[in-house]
file entry24.txt (compact mmCIF, C-alpha atoms)
# COMPACT_ATOMS: atom_id res chain seq x y z
CA MET A 1027 2.53 65.89 178.65
CA ASN A 1028 0.53 63.00 177.22
CA ASP A 1029 1.94 59.65 175.98
CA THR A 1030 2.17 60.82 172.38
CA GLU A 1031 4.13 63.92 173.32
CA LEU A 1032 6.38 61.88 175.57
CA ASP A 1033 7.04 59.36 172.79
CA ASP A 1034 7.90 62.19 170.40
CA ILE A 1035 10.52 63.49 172.81
CA VAL A 1036 12.03 60.03 173.27
CA ARG A 1037 11.94 59.36 169.54
CA ALA A 1038 13.83 62.55 168.80
CA ALA A 1039 16.61 61.37 171.11
CA SER A 1040 17.27 58.23 169.07
CA PRO A 1041 20.88 58.05 167.88
CA MET A 1042 19.55 57.11 164.46
CA SER A 1043 16.15 58.06 163.09
CA ASP A 1044 14.04 55.73 160.96
CA GLU A 1045 14.71 57.99 157.98
CA GLU A 1046 18.47 57.72 158.45
CA LEU A 1047 18.16 53.98 158.81
CA GLU A 1048 16.20 53.77 155.57
CA ALA A 1049 18.87 55.82 153.84
CA LEU A 1050 21.58 53.25 154.56
CA ASP A 1051 22.68 51.70 151.32
CA LEU A 1052 22.46 48.03 152.27
CA GLY A 1053 22.21 45.79 149.31
CA PRO A 1054 23.59 42.95 147.26
CA ALA A 1055 27.14 43.32 148.54
CA GLU A 1056 26.07 42.43 152.05
CA ARG A 1057 23.85 39.63 150.86
CA ASP A 1058 26.74 38.17 148.90
CA LEU A 1059 28.61 37.61 152.12
CA PHE A 1060 25.85 35.33 153.26
CA ALA A 1061 25.83 33.60 149.90
CA ASP A 1062 29.38 32.51 150.68
CA ILE A 1063 28.25 31.14 153.99
CA LEU A 1064 25.35 29.30 152.44
CA ALA A 1065 27.60 27.85 149.76
CA ALA A 1066 29.90 26.55 152.43
CA GLY A 1067 26.97 24.52 153.70
CA SER A 1068 27.38 25.31 157.36
CA ARG A 1069 25.89 27.57 159.92
CA PRO A 1070 28.66 29.68 161.31
CA ASP A 1071 29.02 31.47 164.57
CA ARG A 1072 31.35 34.05 165.95
CA ARG A 1073 31.96 33.74 169.62
CA TRP A 1074 34.87 35.12 171.43
CA ARG A 1075 35.59 33.03 174.46
CA LYS A 1076 38.61 34.68 175.88
CA PRO A 1077 39.37 33.91 179.50
CA ILE A 1078 41.48 37.04 179.59
CA VAL A 1079 41.53 40.18 177.53
CA ALA A 1080 44.43 41.46 175.47
CA GLY A 1081 46.83 43.16 177.80
CA GLY A 1082 46.22 40.81 180.68
CA ALA A 1083 47.77 37.72 179.23
CA ALA A 1084 50.09 36.92 182.08
CA ALA A 1085 47.42 36.66 184.76
CA GLY A 1086 45.14 34.57 182.59
CA ALA A 1087 47.96 32.33 181.54
CA LEU A 1088 48.72 31.55 185.15
CA LEU A 1089 45.14 30.52 185.72
CA LEU A 1090 45.17 28.23 182.74
CA GLY A 1091 48.59 26.78 183.22
CA ALA A 1092 47.62 23.60 185.05
CA THR A 1093 44.88 22.79 182.58
CA THR A 1094 47.20 23.38 179.71
CA VAL A 1095 49.82 20.92 180.80
CA ALA A 1096 47.18 18.22 181.16
CA ALA A 1097 45.69 18.99 177.76
CA LEU A 1098 48.99 19.00 175.94
CA THR A 1099 50.16 15.76 177.45
CA GLY A 1100 46.75 14.16 176.90
CA GLY A 1101 46.81 15.04 173.22
CA GLY A 1102 43.05 15.56 172.95
CA LEU A 1103 40.51 18.31 173.11
CA PRO A 1104 41.29 20.46 176.16
CA ASP A 1105 38.95 19.76 179.05
CA TRP A 1106 37.92 23.37 179.47
CA VAL A 1107 37.03 23.66 175.77
CA GLN A 1108 35.01 20.49 176.12
CA ASP A 1109 33.19 21.96 179.10
CA TRP A 1110 32.61 25.23 177.36
CA LEU A 1111 31.09 23.60 174.28
CA GLY A 1112 28.68 21.81 176.57
CA SER A 1113 27.56 25.03 178.23
CA THR A 1114 24.55 26.99 177.06
CA ASP A 1115 25.69 30.54 177.53
CA VAL A 1116 26.39 31.08 173.86
CA VAL A 1117 23.15 32.94 173.34
CA GLY A 1118 21.41 29.93 174.81
CA GLU A 1119 22.59 27.50 172.18
CA CYS A 1120 25.51 25.55 170.85
CA ALA A 1121 25.45 23.13 173.73
CA ILE A 1122 27.23 20.15 172.24
CA ASP A 1123 27.98 17.06 174.21
CA VAL A 1124 31.56 16.23 173.30
CA THR A 1125 34.32 14.02 174.58
CA ARG A 1126 38.01 14.57 174.15
CA GLU A 1127 38.05 12.00 171.38
CA ASP A 1128 35.56 13.99 169.30
CA GLY A 1129 38.04 16.71 168.47
CA VAL A 1130 40.71 16.73 165.79
CA VAL A 1131 43.09 19.52 164.82
CA VAL A 1132 42.39 20.41 161.18
CA ALA A 1133 44.90 23.26 160.92
CA SER A 1134 47.66 24.76 163.00
CA ASP A 1135 50.12 27.59 162.66
CA THR A 1136 53.03 28.90 164.69
CA ALA A 1137 53.84 32.60 164.65
CA GLU A 1138 57.27 34.18 164.59
CA ASP A 1139 57.26 34.58 168.38
CA GLY A 1140 56.64 30.87 168.94
CA SER A 1141 52.98 31.22 169.87
CA ARG A 1142 50.59 28.86 168.14
CA ALA A 1143 46.97 28.60 167.03
CA ASP A 1144 45.15 25.30 166.54
CA LEU A 1145 41.89 24.93 164.71
CA TRP A 1146 39.82 22.06 166.11
CA MET A 1147 36.90 20.37 164.42
CA ILE A 1148 34.40 18.65 166.66
CA ASP A 1149 31.68 16.71 164.89
CA ASN A 1150 29.33 14.22 166.47
CA LYS A 1151 25.66 13.35 166.72
CA ASP A 1152 24.97 16.38 168.92
CA GLY A 1153 26.31 18.93 166.46
CA PHE A 1154 29.56 20.35 165.30
CA ALA A 1155 31.90 23.16 166.21
CA LEU A 1156 35.00 24.67 164.73
CA VAL A 1157 37.07 25.94 167.62
CA LEU A 1158 40.16 28.09 167.56
CA VAL A 1159 42.50 27.54 170.49
CA GLU A 1160 45.36 29.96 170.89
CA HIS A 1161 48.55 29.17 172.74
CA GLU A 1162 50.86 31.90 173.91
CA LEU A 1163 54.30 31.85 175.41
CA PHE A 1164 54.43 32.45 179.12
CA GLU A 1165 57.72 32.09 180.95
CA GLY A 1166 59.05 29.90 178.18
CA GLN A 1167 56.05 27.58 177.97
CA LEU A 1168 53.12 27.48 175.64
CA VAL A 1169 49.81 28.02 177.43
CA GLU A 1170 46.26 28.04 176.17
CA ARG A 1171 45.09 31.57 176.31
CA ALA A 1172 41.77 31.70 174.57
CA ALA A 1173 39.25 29.79 172.51
CA SER A 1174 36.56 30.90 170.14
CA THR A 1175 34.25 29.21 167.67
CA GLY A 1176 34.39 29.81 163.96
CA HIS A 1177 31.36 27.60 163.38
CA CYS A 1178 29.01 26.09 165.86
CA ALA A 1179 25.69 24.34 165.52
CA ALA A 1180 23.81 22.03 167.81
CA LYS A 1181 21.67 19.19 166.43
CA ARG A 1182 23.38 19.33 163.07
CA THR A 1183 26.43 17.67 161.62
CA ARG A 1184 28.48 19.68 159.25
CA GLN A 1185 28.44 19.42 155.51
CA PRO A 1186 31.54 18.75 153.48
CA PHE A 1187 31.05 21.42 150.79
CA ARG A 1188 33.88 23.85 150.33
CA PRO A 1189 33.48 27.53 149.39
CA PRO A 1190 34.07 28.68 145.80
CA GLU A 1191 36.50 31.39 146.95
CA PRO A 1192 38.80 31.61 149.97
CA VAL A 1193 36.73 32.65 152.99
CA TRP A 1194 37.97 33.96 156.31
CA TYR A 1195 35.74 33.20 159.25
CA GLY A 1196 37.30 35.29 161.94
CA LEU A 1197 40.17 37.52 162.96
CA SER A 1198 41.34 37.76 166.51
CA SER A 1199 44.09 40.12 167.49
CA GLY A 1200 45.60 41.55 170.61
CA TYR A 1201 48.72 43.39 171.55
CA GLN A 1202 51.34 42.17 173.93
CA ALA A 1203 51.32 43.71 177.37
CA ASP A 1204 55.08 43.34 177.77
CA GLY A 1205 55.90 46.58 175.99
CA SER A 1206 57.31 44.81 172.96
CA GLY A 1207 55.10 46.91 170.70
CA VAL A 1208 53.70 44.09 168.64
CA SER A 1209 50.27 42.70 167.86
CA VAL A 1210 49.54 39.06 167.24
CA ALA A 1211 46.85 38.35 164.68
CA THR A 1212 45.12 35.04 163.99
CA VAL A 1213 42.89 34.47 160.98
CA ASP A 1214 40.96 31.29 160.33
CA GLY A 1215 38.82 30.18 157.42
CA ARG A 1216 38.54 27.74 154.58
CA LEU A 1217 39.94 27.38 151.07
CA PRO A 1218 38.19 26.06 147.93
CA ASP A 1219 38.89 22.68 146.43
CA ASP A 1220 42.29 22.46 144.78
CA VAL A 1221 43.61 25.60 146.49
CA THR A 1222 46.53 25.05 148.84
CA HIS A 1223 47.58 28.59 149.77
CA ALA A 1224 45.98 32.03 150.04
CA LEU A 1225 47.26 35.51 150.70
CA VAL A 1226 45.66 37.49 153.53
CA THR A 1227 46.15 41.26 153.33
CA PHE A 1228 45.49 43.45 156.35
CA ASN A 1229 44.43 47.09 156.33
CA THR A 1230 47.94 48.06 157.39
CA GLY A 1231 49.33 46.62 154.19
CA ALA A 1232 50.87 43.66 156.00
CA THR A 1233 50.30 40.27 154.42
CA MET A 1234 50.29 36.68 155.57
CA ILE A 1235 50.31 33.45 153.58
CA VAL A 1236 48.00 30.76 154.89
CA GLU A 1237 48.08 27.08 154.03
CA GLY A 1238 45.02 24.87 153.85
CA GLY A 1239 44.93 21.93 156.20
CA GLU A 1240 42.45 19.09 156.43
CA GLU A 1241 39.44 19.69 154.15
CA GLY A 1242 40.74 23.13 153.26
CA TYR A 1243 40.47 24.66 156.72
CA PHE A 1244 43.27 27.04 157.59
CA VAL A 1245 44.57 29.11 160.42
CA GLY A 1246 47.29 31.72 160.11
CA ARG A 1247 49.02 33.46 162.97
CA THR A 1248 51.52 36.27 162.64
CA VAL A 1249 53.27 39.01 164.58
CA LEU A 1250 52.77 42.58 163.34
CA PRO A 1251 53.73 46.05 164.52
CA ARG A 1252 51.25 47.00 167.25
CA THR A 1253 47.94 47.86 165.63
CA GLU A 1254 44.75 48.47 167.57
CA GLN A 1255 42.40 48.69 164.58
CA LEU A 1256 43.45 45.71 162.55
CA HIS A 1257 41.16 44.44 159.82
CA VAL A 1258 41.38 41.91 157.03
CA GLU A 1259 41.19 43.73 153.72
CA THR A 1260 41.30 40.81 151.30
CA ILE A 1261 41.94 37.12 151.04
CA GLU A 1262 42.76 35.70 147.67
CA VAL A 1263 44.27 32.63 146.10
CA LEU A 1264 48.02 32.93 146.17
CA PRO A 1265 49.42 32.87 142.64
CA GLY A 1266 50.65 29.37 142.16
CA GLY A 1267 48.75 28.22 145.24
CA GLY A 1268 45.72 26.91 143.40
CA MET B 1097 32.89 11.71 162.07
CA MET B 1098 31.78 12.77 158.62
CA THR B 1099 28.33 11.21 158.62
CA PRO B 1100 25.99 13.61 156.82
CA GLY B 1101 23.19 14.87 159.03
CA PRO B 1102 19.60 15.72 158.09
CA ALA B 1103 20.64 19.04 156.62
CA ALA B 1104 23.24 17.43 154.43
CA SER B 1105 21.02 14.72 153.03
CA GLY B 1106 17.72 16.58 152.87
CA GLY B 1107 18.22 18.92 149.95
CA ASP B 1108 14.66 20.28 150.01
CA ALA B 1109 14.91 21.10 153.69
CA VAL B 1110 18.15 22.98 153.13
CA ASP B 1111 16.66 24.91 150.21
CA ALA B 1112 13.63 25.87 152.27
CA ALA B 1113 15.85 27.03 155.10
CA GLU B 1114 17.93 29.08 152.71
CA VAL B 1115 14.91 30.72 151.11
CA ARG B 1116 13.49 31.54 154.49
CA PHE B 1117 16.76 32.96 155.72
CA ARG B 1118 17.16 35.17 152.67
CA ARG B 1119 13.69 36.59 153.21
CA LEU B 1120 14.42 37.14 156.87
CA TYR B 1121 17.68 38.82 156.02
CA ASP B 1122 16.16 41.16 153.47
CA ALA B 1123 13.22 42.05 155.69
CA HIS B 1124 14.98 42.59 158.99
CA LEU B 1125 18.70 43.36 158.58
CA ARG B 1126 18.04 47.10 158.55
CA ALA B 1127 15.90 46.93 161.68
CA VAL B 1128 18.47 44.79 163.48
CA LEU B 1129 21.18 47.23 162.52
CA GLY B 1130 19.04 50.08 163.81
CA TYR B 1131 18.46 48.27 167.08
CA ALA B 1132 22.18 47.75 167.52
CA VAL B 1133 23.19 51.27 166.48
CA ARG B 1134 20.79 52.79 168.98
CA ARG B 1135 22.24 50.83 171.86
CA ALA B 1136 25.87 49.97 171.17
CA ALA B 1137 28.73 51.99 172.54
CA ASN B 1138 30.10 52.76 169.09
CA PRO B 1139 29.45 52.06 165.40
CA ASP B 1140 31.89 49.15 165.27
CA ASP B 1141 30.14 47.34 168.09
CA ALA B 1142 26.79 47.93 166.40
CA ALA B 1143 28.01 46.41 163.15
CA ASP B 1144 29.40 43.39 164.97
CA VAL B 1145 26.14 42.78 166.81
CA ALA B 1146 24.03 43.13 163.67
CA ALA B 1147 26.24 40.75 161.73
CA GLU B 1148 26.34 38.19 164.49
CA THR B 1149 22.60 38.39 165.04
CA MET B 1150 22.03 37.42 161.42
CA LEU B 1151 24.55 34.60 161.71
CA VAL B 1152 22.73 33.27 164.75
CA ALA B 1153 19.48 33.49 162.78
CA TRP B 1154 20.97 31.42 159.98
CA ARG B 1155 22.30 28.85 162.35
CA ARG B 1156 18.99 28.63 164.19
CA ILE B 1157 16.63 29.25 161.31
CA ASP B 1158 14.44 26.38 162.46
CA ASP B 1159 13.92 28.12 165.79
CA VAL B 1160 12.96 31.53 164.40
CA PRO B 1161 9.22 32.04 164.93
CA ALA B 1162 7.02 32.89 161.97
CA ASP B 1163 3.94 35.10 161.60
CA GLY B 1164 5.38 38.34 162.88
CA GLY B 1165 7.52 36.87 165.62
CA GLU B 1166 10.73 37.19 163.63
CA ARG B 1167 11.71 40.72 164.57
CA PRO B 1168 11.21 40.37 168.33
CA TRP B 1169 13.20 37.13 168.17
CA LEU B 1170 16.04 38.86 166.33
CA PHE B 1171 16.00 41.79 168.75
CA GLY B 1172 16.17 39.32 171.62
CA VAL B 1173 19.29 37.75 170.15
CA ALA B 1174 20.82 41.16 169.50
CA ARG B 1175 20.06 42.20 173.05
CA ARG B 1176 21.88 39.19 174.50
CA LEU B 1177 24.78 39.68 172.14
CA LEU B 1178 25.08 43.30 173.23
CA ALA B 1179 25.14 42.20 176.85
CA ASN B 1180 27.81 39.61 176.10
CA GLN B 1181 29.80 42.03 174.01
CA ARG B 1182 30.21 44.38 176.92
CA ARG B 1183 31.81 41.58 178.86
CA GLY B 1184 34.19 40.31 176.25
CA VAL B 1185 36.65 41.10 173.56
CA ARG B 1186 35.37 41.46 170.06
CA ARG B 1187 36.02 38.87 167.39
CA ARG B 1188 35.37 40.35 164.00
CA SER B 1189 33.77 38.89 160.92
CA ASP B 1190 33.63 39.71 157.24
CA LEU B 1191 30.01 40.85 157.30
CA ALA B 1192 30.65 43.06 160.32
CA GLU B 1193 33.50 44.75 158.45
CA ARG B 1194 31.16 45.57 155.60
CA LEU B 1195 28.33 46.81 157.81
CA ARG B 1196 30.78 48.90 159.76
CA LEU B 1197 31.41 51.10 156.74
CA HIS B 1198 27.72 51.90 156.40
CA VAL B 1199 27.23 52.55 160.08
CA ARG B 1200 30.24 54.82 160.39
CA ARG B 1201 29.03 56.86 157.45
CA ALA B 1202 25.60 57.28 158.99
CA PHE B 1203 27.07 58.24 162.33
CA ASP B 1204 29.30 60.81 160.73
CA ALA B 1205 26.31 62.39 159.06
CA ALA B 1206 23.92 62.80 161.90
CA VAL B 1207 24.66 61.44 165.30
CA ASP B 1208 26.92 63.95 167.02
CA GLU B 1209 24.46 66.80 166.76
CA ARG B 1210 21.55 64.71 167.98
CA ILE B 1211 23.38 63.28 170.94
CA THR B 1212 24.31 66.77 172.08
CA SER B 1213 20.80 68.13 171.70
CA SER B 1214 19.10 65.26 173.51
CA ALA B 1215 21.35 64.88 176.51
CA SER B 1216 18.55 65.59 178.98
CA VAL B 1217 16.32 62.89 177.47
CA VAL B 1218 19.17 60.38 177.49
CA ALA B 1219 19.80 61.20 181.13
CA ALA B 1220 16.11 60.70 181.90
CA LEU B 1221 16.12 57.33 180.15
CA GLU B 1222 19.16 56.27 182.10
CA ALA B 1223 17.31 57.00 185.30
CA LEU B 1224 14.90 54.15 184.48
CA GLY B 1225 15.51 50.52 185.33
CA GLU B 1226 17.08 48.46 182.53
CA ASP B 1227 13.92 46.59 181.57
CA GLU B 1228 11.77 49.71 181.85
CA ARG B 1229 14.13 51.64 179.61
CA GLU B 1230 14.29 48.83 177.08
CA LEU B 1231 10.49 48.62 176.96
CA VAL B 1232 10.24 52.32 176.20
CA LEU B 1233 12.92 52.12 173.53
CA LEU B 1234 11.52 48.99 171.90
CA THR B 1235 8.10 50.58 171.54
CA VAL B 1236 9.19 54.11 170.63
CA TRP B 1237 12.48 53.69 168.77
CA GLU B 1238 11.85 50.26 167.26
CA GLY B 1239 8.09 50.59 166.81
CA LEU B 1240 7.19 47.29 168.46
CA THR B 1241 3.88 46.71 170.17
CA PRO B 1242 4.01 46.07 173.93
CA ALA B 1243 3.33 42.39 173.24
CA GLU B 1244 6.25 42.21 170.81
CA ALA B 1245 8.49 44.04 173.27
CA ALA B 1246 7.46 41.51 175.88
CA ALA B 1247 8.71 38.73 173.60
CA VAL B 1248 12.11 40.42 173.28
CA LEU B 1249 12.45 40.64 177.05
CA ASP B 1250 10.88 37.24 177.61
CA VAL B 1251 8.22 38.51 179.99
CA PRO B 1252 4.41 38.12 179.84
CA PRO B 1253 2.64 40.82 177.78
CA SER B 1254 0.66 41.97 180.80
CA THR B 1255 3.88 42.51 182.72
CA ALA B 1256 5.34 44.46 179.83
CA ARG B 1257 2.29 46.70 179.62
CA SER B 1258 2.30 47.55 183.31
CA ARG B 1259 6.07 48.14 183.32
CA LEU B 1260 5.78 50.34 180.27
CA GLN B 1261 3.11 52.43 181.90
CA ARG B 1262 5.24 52.78 185.00
CA ALA B 1263 8.27 53.71 182.93
CA ARG B 1264 6.34 56.40 181.09
CA SER B 1265 5.18 57.91 184.36
CA LYS B 1266 8.74 58.00 185.70
CA LEU B 1267 10.08 59.43 182.48
CA ARG B 1268 7.42 62.12 182.38
CA ALA B 1269 8.20 63.10 185.95
CA VAL B 1270 11.96 63.30 185.35
CA LEU B 1271 11.60 65.30 182.15
CA THR B 1272 9.08 67.69 183.68
CA SER B 1273 11.35 68.16 186.64
CA ALA B 1274 14.34 68.78 184.36
CA GLU B 1275 12.40 71.34 182.36
CA GLY B 1276 11.45 73.14 185.57
CA ALA B 1277 15.04 73.22 186.71
CA GLU B 1278 16.21 74.62 183.42
CA VAL B 1279 13.54 77.32 183.46
CA ALA B 1280 14.71 78.32 186.90
CA SER B 1281 18.30 78.68 185.75
CA SER B 1282 17.70 80.14 182.31
CA GLY B 1283 14.65 81.66 180.74
CA HIS B 1284 15.55 80.16 177.34
CA ALA B 1285 16.84 76.70 178.15
CA ALA B 1286 13.51 74.96 178.56
CA VAL B 1287 12.21 76.39 175.31
CA GLU B 1288 15.29 75.18 173.48
CA VAL B 1289 15.03 71.68 174.90
CA ARG B 1290 11.38 71.40 173.94
CA GLY B 1291 12.08 72.79 170.52
CA ASP B 1292 14.80 70.20 169.89
CA HIS B 1293 12.64 67.30 170.85
CA ARG B 1294 9.39 67.96 169.02
call {"tool": "encode", "arguments": {"input": "entry24.txt", "output": "structure tokens"}}
result
Amino acid sequence: MNDTELDDIVRAASPMSDEELEALDLGPAERDLFADILAAGSRPDRRWRKPIVAGGAAAGALLLGATTVAALTGGGLPDWVQDWLGSTDVVGECAIDVTREDGVVVASDTAEDGSRADLWMIDNKDGFALVLVEHELFEGQLVERAASTGHCAAKRTRQPFRPPEPVWYGLSSGYQADGSGVSVATVDGRLPDDVTHALVTFNTGATMIVEGGEEGYFVGRTVLPRTEQLHVETIEVLPGGG
Amino acid sequence: MMTPGPAASGGDAVDAAEVRFRRLYDAHLRAVLGYAVRRAANPDDAADVAAETMLVAWRRIDDVPADGGERPWLFGVARRLLANQRRGVRRRSDLAERLRLHVRRAFDAAVDERITSSASVVAALEALGEDERELVLLTVWEGLTPAEAAAVLDVPPSTARSRLQRARSKLRAVLTSAEGAEVASSGHAAVEVRGDHR
């Protein structure tokens, strides 16, 4: 068996052939999604920095408890988020030197179960990041459970342009491990100028109204019947919310 | 806090970055998606990785090499994202949702049958070391040269070439051995395997 024959065998085992790849109908619709990003004037990132996975909330919450108390009483950017933004393990980038004073909460929402999501904006000479910090209830107290970036860029300060249509940057969801049979979903994004509210519709048919905060950024958090394949179907200006 | 940076004030620079990104996107999205589909655990993961790879490219457009270095750079990002994805929980994005529809459709059309028919080759590939396997797949599945594959793995080209040669030798030995075993147990099996793969 020579190299060519060997390569032919390996090539035939590919889960998707070049011909099948060429047949994929990728086109303007996908490009349009990036047009929204470009119009927003920022360079977004999706990173899921979850100290614990859905279903293991209690153990992770215990680990984070001490940090949480300090962060909440200090009223600034949590230390561990600050440390994380300064790390370089986000595909070797997004290392931003921040201090607690660099961060401000631009949007916040509390779900029906009392859990909360805060959207932080950090912007300084080293770059900017939009960070979602989720707080869950554990033994009657709110604890930071996870953080993720909606936008992140080193060596670049953000631009103030707002998107022409409501844009959602990310959806995070997980189900409760306590057998309560519910999922908690958090959606963050940004609204156009002069729009105060938008309607988020999930693939299950459930909806959530989100309210724009500082500079149109929003975060919405809600409790839904347990759903393992939750997606955002649409986000549109709420009638009367523009 | 709101001081505009170079990108905000330098309109020409932003336009140039946008033009370059759009070209990059049009030229390489399909290849990035293919790379992810061929390695991810499922179509949804592949769509997420492809979408995030392009987002990283936009964010770091100034760092993307030119003159043919774009695709290896993108594959390198996708590779690290895949490795990270296996360790974490997925956070979904709008683009990933859209790509997911395409990828699922393609999987439905073709993948099940191929996976079944090529199980022995997949097993042989899994017997290789991670870097060896990736070198083989980058050159055969993705069509990269050994030098380009070296850039993805961040190793010198000479190292990539020698590892690739070693990987081919191992792969050949495992497949030949597997064919022999199948002949011993069934007079037809080896013929069927060869027929499926050529």
call {"tool": "residues_around", "arguments": {"input": "entry24.txt", "residues": "segment 1162-1167 of chain B", "least_positions_apart": "2", "cutoff": "8 Å", "atoms": "all atoms listed in the file", "output": "PyMOL selection string"}}
result
chain B and resi 1120+1124+1128+1160+1169-1171+1244
call {"tool": "write_last_selection", "arguments": {"input": "entry24.txt", "atoms": "C-alpha atoms", "output": "PDB file, keeping the file's coordinate frame"}}
result
ATOM      1  CA  LEU B1120      14.420  37.140 156.870  1.00  0.00           C
ATOM      2  CA  HIS B1124      14.980  42.590 158.990  1.00  0.00           C
ATOM      3  CA  VAL B1128      18.470  44.790 163.480  1.00  0.00           C
ATOM      4  CA  VAL B1160      12.960  31.530 164.400  1.00  0.00           C
ATOM      5  CA  TRP B1169      13.200  37.130 168.170  1.00  0.00           C
ATOM      6  CA  LEU B1170      16.040  38.860 166.330  1.00  0.00           C
ATOM      7  CA  PHE B1171      16.000  41.790 168.750  1.00  0.00           C
ATOM      8  CA  GLU B1244       6.250  42.210 170.810  1.00  0.00           C
TER       9      GLU B1244
END
call {"tool": "residues_around", "arguments": {"input": "entry24.txt", "residues": "segment 1224-1237 of chain A", "least_positions_apart": "2", "cutoff": "12 Å", "atoms": "all atoms listed in the file", "output": "short mmCIF file (atom, residue, chain, number, x, y, z; two decimals) with C-alpha atoms, in the coordinates of the input"}}
result
data_model
loop_
_atom_site.label_atom_id
_atom_site.label_comp_id
_atom_site.auth_asym_id
_atom_site.auth_seq_id
_atom_site.Cartn_x
_atom_site.Cartn_y
_atom_site.Cartn_z
CA VAL A 1132 42.39 20.41 161.18
CA ALA A 1133 44.90 23.26 160.92
CA SER A 1134 47.66 24.76 163.00
CA ASP A 1135 50.12 27.59 162.66
CA THR A 1136 53.03 28.90 164.69
CA ALA A 1137 53.84 32.60 164.65
CA GLU A 1138 57.27 34.18 164.59
CA GLU A 1191 36.50 31.39 146.95
CA PRO A 1192 38.80 31.61 149.97
CA VAL A 1193 36.73 32.65 152.99
CA TRP A 1194 37.97 33.96 156.31
CA LEU A 1197 40.17 37.52 162.96
CA SER A 1199 44.09 40.12 167.49
CA SER A 1209 50.27 42.70 167.86
CA VAL A 1210 49.54 39.06 167.24
CA ALA A 1211 46.85 38.35 164.68
CA THR A 1212 45.12 35.04 163.99
CA VAL A 1213 42.89 34.47 160.98
CA ASP A 1214 40.96 31.29 160.33
CA GLY A 1215 38.82 30.18 157.42
CA ARG A 1216 38.54 27.74 154.58
CA LEU A 1217 39.94 27.38 151.07
CA PRO A 1218 38.19 26.06 147.93
CA ASP A 1220 42.29 22.46 144.78
CA VAL A 1221 43.61 25.60 146.49
CA THR A 1222 46.53 25.05 148.84
CA GLY A 1239 44.93 21.93 156.20
CA GLU A 1240 42.45 19.09 156.43
CA GLU A 1241 39.44 19.69 154.15
CA GLY A 1242 40.74 23.13 153.26
CA TYR A 1243 40.47 24.66 156.72
CA PHE A 1244 43.27 27.04 157.59
CA VAL A 1245 44.57 29.11 160.42
CA GLY A 1246 47.29 31.72 160.11
CA ARG A 1247 49.02 33.46 162.97
CA THR A 1248 51.52 36.27 162.64
CA VAL A 1249 53.27 39.01 164.58
CA LEU A 1250 52.77 42.58 163.34
CA PRO A 1251 53.73 46.05 164.52
CA ARG A 1252 51.25 47.00 167.25
CA THR A 1253 47.94 47.86 165.63
CA GLU A 1254 44.75 48.47 167.57
CA GLN A 1255 42.40 48.69 164.58
CA LEU A 1256 43.45 45.71 162.55
CA HIS A 1257 41.16 44.44 159.82
CA VAL A 1258 41.38 41.91 157.03
CA GLU A 1259 41.19 43.73 153.72
CA THR A 1260 41.30 40.81 151.30
CA ILE A 1261 41.94 37.12 151.04
CA GLU A 1262 42.76 35.70 147.67
CA VAL A 1263 44.27 32.63 146.10
CA LEU A 1264 48.02 32.93 146.17
CA PRO A 1265 49.42 32.87 142.64
CA GLY A 1266 50.65 29.37 142.16
CA GLY A 1267 48.75 28.22 145.24
CA GLY A 1268 45.72 26.91 143.40
CA GLU B 1193 33.50 44.75 158.45
#
call {"tool": "atom_distance", "arguments": {"input": "entry24.txt", "atom1": "atom CA of Met1150 of chain B", "atom2": "atom CA of Ala1246 of chain B"}}
result
20.9 Å
call {"tool": "atom_distance", "arguments": {"input": "entry24.txt", "atom1": "atom CA of Ala1263 of chain B", "atom2": "atom CA of Leu1224 of chain B"}}
result
6.8 Å
call {"tool": "closest_residue", "arguments": {"input": "entry24.txt", "among": "A:Asn1150, A:Leu1111, A:Val1124, A:Leu1103", "to": "chain B", "atoms": "all atoms listed in the file"}}
result
A:Asn1150
call {"tool": "residues_near_point", "arguments": {"input": "entry24.txt", "point": "(22.0, 44.2, 161.5)", "cutoff": "6 Å", "atoms": "all atoms listed in the file", "output": "number ranges by chain"}}
result
B: 1125-1126, 1128-1129, 1146-1147
call {"tool": "atom_distance", "arguments": {"input": "entry24.txt", "atom1": "atom CA of Glu1045 of chain A", "atom2": "atom CA of Ala1132 of chain B"}}
result
15.9 Å
call {"tool": "closest_residue", "arguments": {"input": "entry24.txt", "among": "B:Leu1271, B:Leu1231, B:Ile1157, B:Leu1178", "to": "Asp1141 of chain B", "atoms": "all atoms listed in the file"}}
result
B:Leu1178
call {"tool": "closest_residue", "arguments": {"input": "entry24.txt", "among": "B:Arg1262, B:Ala1220, B:Arg1155, B:Ala1247", "to": "Phe1154 of chain A", "atoms": "all atoms listed in the file"}}
result
B:Arg1155
call {"tool": "closest_residue", "arguments": {"input": "entry24.txt", "among": "A:Leu1158, A:Leu1168, A:Val1131, A:Ile1148", "to": "chain B", "atoms": "only C-alpha atoms"}}
result
A:Ile1148
call {"tool": "closest_residue", "arguments": {"input": "entry24.txt", "among": "A:Gly1102, A:Gly1140, A:Gly1200, A:Pro1190", "to": "chain B", "atoms": "all atoms listed in the file"}}
result
A:Gly1200
call {"tool": "closest_residue", "arguments": {"input": "entry24.txt", "among": "B:Val1115, B:Ala1142, B:Val1173, B:Ala1136", "to": "chain A", "atoms": "only C-alpha atoms"}}
result
B:Val1173
